Every structure is written in C-alpha cells, then in structure tokens.
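Take a look at the structure below.
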Amino acid sequence: MLLFSNLEQITNGKIIQLPAGRPVTELIIDSRKAMAGGGSVFFAIHGPHHNGHQYIQQLYQTGVRQFIIEEHVDVRDYKDANFIQVQSSIDALQKVAAHHRGNFSIPVIGITGSNGKTIVKEWLYQLLSPQYTTAKNPGSYNSQVGVPLSVWQLQPYHTLGIFEAGISQPGEMEKLERIIRPTIGVFTTLGTAHDENFESAEQKIDEKIKLFKHVDVLVCCADQKNAFTRLQAAKLPLLSWGFTPEADVRIVQQENQYNVSWKGKNFTVTLPFSDPASVENAFQCLTILLYLGTEIGHIKHGLNSLRAVAMRLELKEGINQNQLIDDAYNNDLGGLQISLDLLKNQNQKKKKTLILSDILQSGMDENQLTDRVAWLVNASGVNKFVGIGKTLSAYRQKIKATAEFYSTTDEFLRTLNTDSFQDEVILIKGARTFEFERIVSRLQRKVHGTIMEVDFSALIHNLNYFKSKLSPGTKLMVMVKALAYGSGSIEVANLLQYHKVDYLGVAYADEGVELRKHNIKTPVMVMNPTEEGFAAMVNFNLEPELYGFTILKSFVSFLNGRNWNVHIKIDTGMHRLGFEEEDVSELIQLLTANPNLRVASVFTHLSGSDEAALDDFSRDQVTRFQLAADKLTQALGYSPIRHVLNTPGILRFPEYQLDMVRLGVGLYGVDPTVEKHNLKPVNTLKTLISQIRTVKAGETIGYGRKGKAIKEMRVGTIAIGYADGYSRAFSNGVGEVLVEGKRAPVIGNVCMDMTMIDLTGIDAREGSEVIVFGNGLSVDELARKIRTIPYEILTNTSDRVKRVFVTESI
C-alpha cells in the first residue's frame with residue numbers, strides 16, 4: 001500500500017505537516033471534480049487559468065486531508081491535514097504515476113500521432129476485451145496531467161494497458177514515456193496540429209517517437225512515406241502495414257473486402273465502413289491483434305463488428321422539463337467518473353438522477369466492482385438512482401440514494417412511468433448491449449429535424465484561449481445575451497459558472513431572471529434595463545447598467561434607500577447608450593448624494609476595435625474614458641472595476657485590459673478581426689432532407705417559380721426555412737449547404753419552414769444530414785454571402801430550433 005509519507009521520496013519533496021499516516025488511493029487535480037475520501041490527494045497546480053492553491057480551504061471543508069503544494073500555504077489552518085511541498089505539482093503528479101506504473105509487468109500499448117489516437121485506443125479496447133482485462137485513458141486524457149491520472153487506474157487485476165499520449169510542444173513526450181512505459185507502440189498519423197510549436201515536421205515526429213524508445217515493437221503505416229522514412233531512420237523495431245508491397249502486413253483491396261497477408265497467413269476481412277480514416281484506424285488495430293497472436297476468426301469477426309465510437313456526451317431537452325445527458329453507449333469506471341463529474345456540475349435543475357447499467361468486463365469481482373460504483377455514485381450527490389442489470393440489482397444495498405433496480409432494459413421500459421421524472425437532470429449511461437438509446441428515446445422531447453449542435457469542448461477551448469490573453473488579475477465578463485448568441489443561455493451560463501468567470505452580461509432583465517431561476521449564481525449585469533424590470537432585478541439580484549439620468553433617477557427612486565450594485569456607462573464615441581463626458585460632474589453629484597448605489601464598474605464601448613483604420617479613434621476613446629473614470633473614482637472614494645474591451649479589443653489591444661474585459665462573440669468561435677486567431681467553431685446548424693424528387697428540364701421550383709431547371713435536376717427539400725432563422729436572402733443560389741461533404745446550392749426562394757436544394761451529382765437519401773453551417777461551411781462565409789455579420793446569423797436561429805449540447809465522452 002502506498003502511503004502519503006512515501007510521496008516525499010517519490011516526488012523529491014518535503015513533508016511540511018504529517019499529523020496522520022494515510023494511504024494514497026485517489027489523485028485529484030480539479031477541485032470541482034473532487035470526491036473526498038480518506039486516501040484522496042489533491043495536487044495544487046498553479047496553471048495559466050487557475051491556481052489550485054486557492055481551493056485548498058474548499059477541499060478541506062469537503063473532507064480532503066492530503067495535499068501536494070508548490071506555493072507557501074499556512075498549514076496551521078489545516079491541523080489534521082498532510083502536506084508535502086514540491087517544486088512543481090505537475091512534475092510530482094507524473095512521478096507518482098511513474099512509480100505506480102513500475103509495479104506492473106503487463107504489456108502496455110502506447111499510442112501517439114496527430115489523428116486517430118482515441119479511436120484506435122477505443123477499438124483496441126473493444127477488440128481485446130475477450131482476451132484481456134484492460135486499463136485505458138478515460139476520454140482523451142492524453143495530456144501532461146491526463147496521462148498520469150489514466151495510468152494511476154492500473155490495478156493488480158489488469159492484464160493489459162492501452163494509453164494514448166498527446167503533445168503540443170517539444171520536451172513533453174519524454175515525460176509521458178516515463179509514465180506509460182509502453183512495451184508495444186502504435187504511430188497513427190502525422191498531421192498539422194500544433195505545427196506552430198515545432199520548427200519542422202521532422203522535429204515534431206522526432207518528438208512523438210520518443211514515446212517508443214523502449215518498445216518491443218512499433219506498429220505503423222508504411223504508406224505514410226515521410227513518417228515511415230523517419231521511423232526507419234530512428235532504427236525502431238517496426239511492424240508495418242499498408243497497401244504498398246514493402247509493408248510487413250500487406251493489404252490488398254478487392255471491392256468491399258481486404259486481403260491480408262503476413263508471415264504466410266492469408267485471409268480476408270470486411271469492414272463496416274469505407275472512409276479512409278476509419279479504414280486506416282482499423283488496420284492499425286488488425287496489426288496489433290496479429291502481433292498479439294489473436295485468432296484469425298476473432299480478428300475477422302471483431303473488425304466486422306466495429307462500431308463508431310461515441311466520443312461525446314450529448315445534453316438534450318427531455319420531456320417534463322427534464323434535461324438528459326445521453327451517454328448511452330459507453331460504460332466503464334473511468335468514463336463513469338467523467339459523466340458523474342458533468343452531472344454534478346449541471347446546476348440548472350436541483351434534482352439529479354442516474355440511470356446506469358452493469359459495467360461489463362471490468363476484471364474486478366462483483367463485490368469489489370460494486371463497491372467502487374457505489375462510492376462514485378454516493379459521492380456524486382445523485383438524488384435518484386436507477387440500476388439496470390443483474391449485478392447492480394444483487395448489490396442494491398450499497399446505493400444510498402433513492403433507488404430502484406431492474407434486471408434488464410426491457411423490464412425497466414415495461415414499467416416506466418415517464419411522469420415520475422419531473423424537472424431533473426438525468427444521466428443515462430449504459431454499455432452498448434443494454435440498448436439505453438431506447439430509454440433516451442422515451443425520455444427525450446421530440447424535436448423536428450433541425451437542431452443547433454453546441455460543442456462545449458470547443459467553447460471551453462475558446463474560453464481558455466481568451467483567458468490566456470489576459471494579464472494576471474484581469475477579470476472576465478462573458479456575454480450570454482440573445483440566447484448566448486443563439487447557443488442557449490442557460491446551458492452556456494452554467495458552463496461559464498463552472499469555469500468561474502467573474503461576470504455574466506445580458507441585455508434585458510428577463511434574461512437574467514431565467515439564469516437565476518436555473519441556479520446561476522455568478523454576478524449578472526443587465527445592459528439595457530427598463531423601469532418595468534426594476535423589481536425583477538432586485539428580486540433576482542441583477543445589477544443594472546445605468547446609462548443616463550432618466551434611468552439613474554428612476555432606479556434611485558425605486559430603491560428607496562436600499563443598497564445596490566450598479567454599472568455606469570460612459571459614451572466616448574459610440575453614441576448608443578452612456579453618459580456624455582460633460583455629464584460627469586452632475587453624475588458625480590447624484591452618485592455621492594445616493595451612497596446606497598455602489599458603482600461596481602464603470603465602462604465604455606469601443607465602436608471600431610475590430611478595424612485597424614479606426615485604431616487612433618479607439619485609443620482616443622480609451623483616453624477620454626480614463627479621464628472620466630478618474631474623476632468618478634476620486635469623487636466616490638473607492639475604485640470601481642474599469643473595462644473597455646470587447647472580443648476584438650481583447651485580441652488587438654492587450655494594453656487596455658484595465659480591470660476587466662467583456663468577451664462576446666469570440667467565445668462562440670467567431671473571430672471579428674482580420675488577423676484570425678486559434679478559435680474553434682462552437683455551433684453547427686443541422687437539418688435533414690425531407691424528400692428528394694427529380695425535376696425535368698424546363699420546370700420550376702418554389703414560390704414565384706423563381707427556381708428554374710435548366711436541365712434535369714435532383715432536388716431535395718430540407719426541413720429549415722426563414723421561420724427557423726435561415727434568411728430569404730439565401731434564395732436563388734446565394735446560399736449553399738453541405739450534404740455528404742459536398743456543397744448543394746439553394747434553388748428558388750427559401751420558404752417559411754422548408755428550403756429546396758440542388759442534389760444533382762450528390763449521393764444523398766431522404767433523411768440524410770444537411771449542414772447549414774459548421775465545419776466546412778462557416779458562419780463567416782454565410783454572413784459574407786448575404787452581406788451581414790456572423791452575429792446576425794447566429795442570433796437569428798429561432799427558439800424552435802432545439803439546442804443539443806455535446807462534450808467529450810468515453
């Protein structure tokens with residue numbers, strides 16, 4: 001058993017306080033995901049966005065009693081807690097995981113490359129489950145902290161490890177190699193990700209292959225000439241596959257089948273997909289299976305049975321005011337913890353329910369497995385638990401929450417009363433064989449075929465990108481007005497609260513009220529308050545922007561002496577809302593005469609921060625603002641928060657960050673600057689083809705006969721129109737959509753609920769998915785086509801288009 005006291009030597013640290021000898025069972029780096037136990041150890045990391053040392057007191061109050069720290073902490077405040085001081089908490093975490101890995105002499109597969117790592121890992125897990133009890137990364141935990149947390153999961157009952165490793169800059173892979181210590185390597189592909197951090201493609205591949213310096217064999221594709229040549233030059237023990245005759249495992253395609261030859265073995269396999277990326281990932285797996293001596297029959301059956309990996313959790317609207325977290329295809333202990341972390345931090349609803357299947361092929365005996373499941377469930381704060389499967393039913397007494405149990409999914413569905421689920425967040429998590437998609441179908445609110453898919457992983461990437469631009473101590477307000485630019489204000493606000501932004505901004509009081517009704521506690525500024533909204537703002541603790549004397553005097557009168565936070569806007573040239581500079585003296589008189597008004601912030605809005613031609617004007621605005629703010633600060637006797645920068649301002653004027661910045665459309669992946677930055681698109685608008693018909697040459701399509709078939713055409717009708725926010729300006733070939741990866745132009749006029757598109761030459765069927773905007777067809781491009789801005793495209797997407805929120809799964 002590893003004791004906390006042992007970590008002093010392992011980490012090269014120093015024990016600061018050790019009142020009790022305790023074991024080490026859980027490693028924690030995120031205070032929001034901590035589940036306190038007697039053996040939990042929190043590694044306080046001072047990262048670019050958060051300082052873990054700030055959350056020690058919070059964790060101590062929840063029961064955590066063991067801490068690795070890299071900064072000074074007054075341990076006298078935590079008398080019964082263990083502390084070790086180290087130079088780097090990340091380095092200490094890696095050393096602990098490397099020490100743990102040294103206890104196992106099992107085969108370990110290490111996977112790296114630019115693409116396909118997670119798919120190959122998950123498919124190998126599927127294919128090798130009958131032969132091995134396997135530990136693997138949950139999700140894509142392949143970073144400098146993700147890998148050690150993954151390897152820590154190795155237990156004595158495991159007979160195989162499969163771990164992926166990702167890097168973004170030189171010097172990282174050697175650290176991961178010491179932790180994973182793979183005996184078998186897989187190199188997937190060499191792509192362009194993180195090219196900006198490497199001098200050349202050769203330097204990047206040399207960094208990646210450091211993972212393989214101690215492997216017995218390295219599987220790679222001989223068809224990737226540049227990468228393969230580099231791997232050969234490194235004199236690694238290669239086992240190559242490919243369609244080239246030089247490959248060790250030779251593949252020859254014949255129609256829909258593939259002939260495989262290796263060491264005198266010849267056989268044929270069939271794959272359930274044809275896209276090049278999936279084919280390549282499948283043959284990486286096949287080569288590993290051959291190396292491990294897997295029977296040919298099992299290889300053939302396994303490859304033919306491969307299914308797409310559900311790599312994302314989906315948050316969906318349910319019936320009876322419920323919200324569903326759909327994770328109906330994966331169920332292992334690592335994935336369960338990730339899903340429970342997400343459930344725990346969904347604060348839109350007060351009741352939280354878990355529907356869980358048995359965990360299959362864990363390698364643990366039933367008593368040990370259900371102990372672990374029960375510990376995770378009981379620590380997560382779940383209010384109601386539904387267990388499906390014979391194992392969970394047999395050990396039902398371990399679950400503390402209100403619980404019910406069923407042997408099969410069919411039994412649950414036969415007795416399901418959907419009215420028993422009301423106003424809850426429901427996590428639905430099951431192994432594939434339990435077919436939990438049927439439960440999702442019963443509990444999900446039925447929607448028409450058009451949805452807005454909101455990628456939370458991309459949104460978090462963008463949030464962190466903007467945080468990385470801020471100076472230490474600069475606060476962050478994020479705008480969630482107009483349904484969070486069409487993305488869904490409640491869900492987005494909850495995510496932002498989880499990531500501890502300082503302020504949220506809305507346009508009107510009723511938007512703020514909705515946030516409060518869904519348990520959003522972050523301070524909220526209302527940017528366009530009205531007298532009718534005063535009562536709601538006070539009842540729901542919302543802070544108004546005051547921009548003129550009329551609204552200021554009205555609010556003073558309404559408060560009748562009550563203390564309240566307000567935000568003062570100064571007009572420095574936008575000429576939309578705000579006090580004029582010559583109003584400042586009178587403004588000071590009113591504010592000092594009403595000290596119950598606490599000025600939380602004073603700000604202005606730059607009218608041209610996205611245009612280089614207006615930079616002088618922007619700088620002049622800031623200068624004028626600072627003069628007005630100085631006068632206010634001096635008269636008030638305290639210093640309100642100052643802020644002037646919006647999204648383009650954050651990107652272009654770092655010198656004007658002041659005390660806080662306001663992040664808007666950039667959070668959602670839209671870059672309003674010409675320079676363009678590393679932002680990811682968050683929103684994908686999708687619909688379906690309702691019907692396909694052939695229209696003869698000379699006939700017309702749509703209202704006003706505006707669409708004309710010059711030759712025989714294949715025309716599809718898609719389930720989106722201007723009532724959904726798809727503008728009539730896209731009519732008559734101006735707009736295009738993506739179908740099966742190809743562009744299909746709009747024919748005729750966009751209708752209220754439908755639009756017709758030209759499918760000639762596109763292999764599409766009724767029911768096929770259509771991308772209106774997203775990857776491959778950006779919001780920026782759509783906006784340019786109709787001479788508007790991306791803001792309008794996003795915010796015009798109507799309420800009847802349901803939002804589906806996706807985040808990383810597995």
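Going through the structure tokens in order, the chains are called A, B, and so on, while each chain numbers its residues from 1 and the ligands are numbered from 1 in the order shown.
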Using only C-alpha atoms, which residues sit within 7 Å of Val386 in chain A once same-chain residues fewer than 5 positions away are excluded, as an MDAnalysis selection string? chainID A and resid 354:356 403:405
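The environment of range 547-559 of chain A within 10 Å, counting only C-alpha atoms and disregarding residues fewer than 5 places along the same chain, consists of Met527, Asn528, Pro529, Thr530, Glu531, Phe534, Ala535, Val538, Trp564, Val566, His567, Ile568, Lys569, Ile570, Asp571, Arg576, Leu577, Gly578, Phe579, Glu580, Asp583, Glu586, Leu587, Leu590, Leu591, Asn594, Asn596 and Leu597 of chain A.
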Range 657-662 of chain A: which residues within 8 Å, counting only C-alpha atoms, same-chain residues fewer than 6 positions away excluded, as a list in words?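 My reading of the contact set: Leu470, Ser471, Gly473, Thr474, Lys475, Leu476, Met477, Val478, Met479, Ile641, Arg642, His643, Val644, Leu645, Asn646, Thr647 and Ile650 of chain A.
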Print the selection's residues with C-alpha atoms to a file, as a short mmCIF file (atom, residue, chain, number, x, y, z; two decimals), in the first residue's frame.
data_model
loop_
_atom_site.label_atom_id
_atom_site.label_comp_id
_atom_site.auth_asym_id
_atom_site.auth_seq_id
_atom_site.Cartn_x
_atom_site.Cartn_y
_atom_site.Cartn_z
CA LEU A 470 -5.30 38.26 -20.09
CA SER A 471 -2.83 39.70 -17.63
CA GLY A 473 -5.72 39.63 -12.09
CA THR A 474 -7.76 40.81 -15.07
CA LYS A 475 -11.41 39.85 -14.57
CA LEU A 476 -13.60 38.37 -17.27
CA MET A 477 -17.21 39.19 -18.10
CA VAL A 478 -18.86 36.94 -20.69
CA MET A 479 -21.91 37.98 -22.66
CA ILE A 641 -13.83 48.00 -11.91
CA ARG A 642 -12.89 49.58 -15.25
CA HIS A 643 -13.50 47.85 -18.60
CA VAL A 644 -13.44 48.92 -22.24
CA LEU A 645 -12.51 45.87 -24.35
CA ASN A 646 -14.91 43.62 -26.25
CA THR A 647 -13.89 40.50 -28.22
CA ILE A 650 -9.14 41.69 -26.28
#
Contacts of range 732-734 of chain A at 8 Å or less, counting only C-alpha atoms, minus same-chain residues fewer than 3 places along, as a PyMOL selection string? chain A and resi 706-707+729+745-749+785-786
Using DSSP assignments from the backbone, pull out every residue in range 202-232 of chain A that falls under strand (DSSP E) and give it to me as a PyMOL selection string. chain A and resi 217-221
What does the file look like for those residues with C-alpha atoms, as a PDB file, in the first residue's frame?
ATOM      1  CA  VAL A 217       7.554  -3.420 -31.439  1.00  0.00           C
ATOM      2  CA  LEU A 218       6.147  -0.307 -33.128  1.00  0.00           C
ATOM      3  CA  VAL A 219       3.125  -0.625 -35.425  1.00  0.00           C
ATOM      4  CA  CYS A 220       2.933   1.968 -38.205  1.00  0.00           C
ATOM      5  CA  CYS A 221       1.619   2.522 -41.716  1.00  0.00           C
TER       6      CYS A 221
END
Let me make sure I understand: among A:Asn197, A:Pro148, A:Ile399, A:Pro130, which one has the smallest atom-to-atom distance to His298 in chain A if we use only C-alpha atoms?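 For His298 in chain A, the nearest of the given residues is A:Pro130.
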Taking a cut-off of 10 Å and counting only C-alpha atoms, can you build a table that, for each residue of range 437-496 of chain A near range 759-781 of chain A, reports the nearest atom pair and how far apart they are in Å (one decimal), sorted by chain then residue number, as a Markdown table?
| residue | atom | partner | partner_atom | distance |
| --- | --- | --- | --- | --- |
| A:Gly449 | CA | A:Gly767 | CA | 9.0 |
| A:Thr450 | CA | A:Val770 | CA | 9.1 |
| A:Met452 | CA | A:Phe773 | CA | 9.6 |
| A:Glu453 | CA | A:Gly774 | CA | 9.2 |
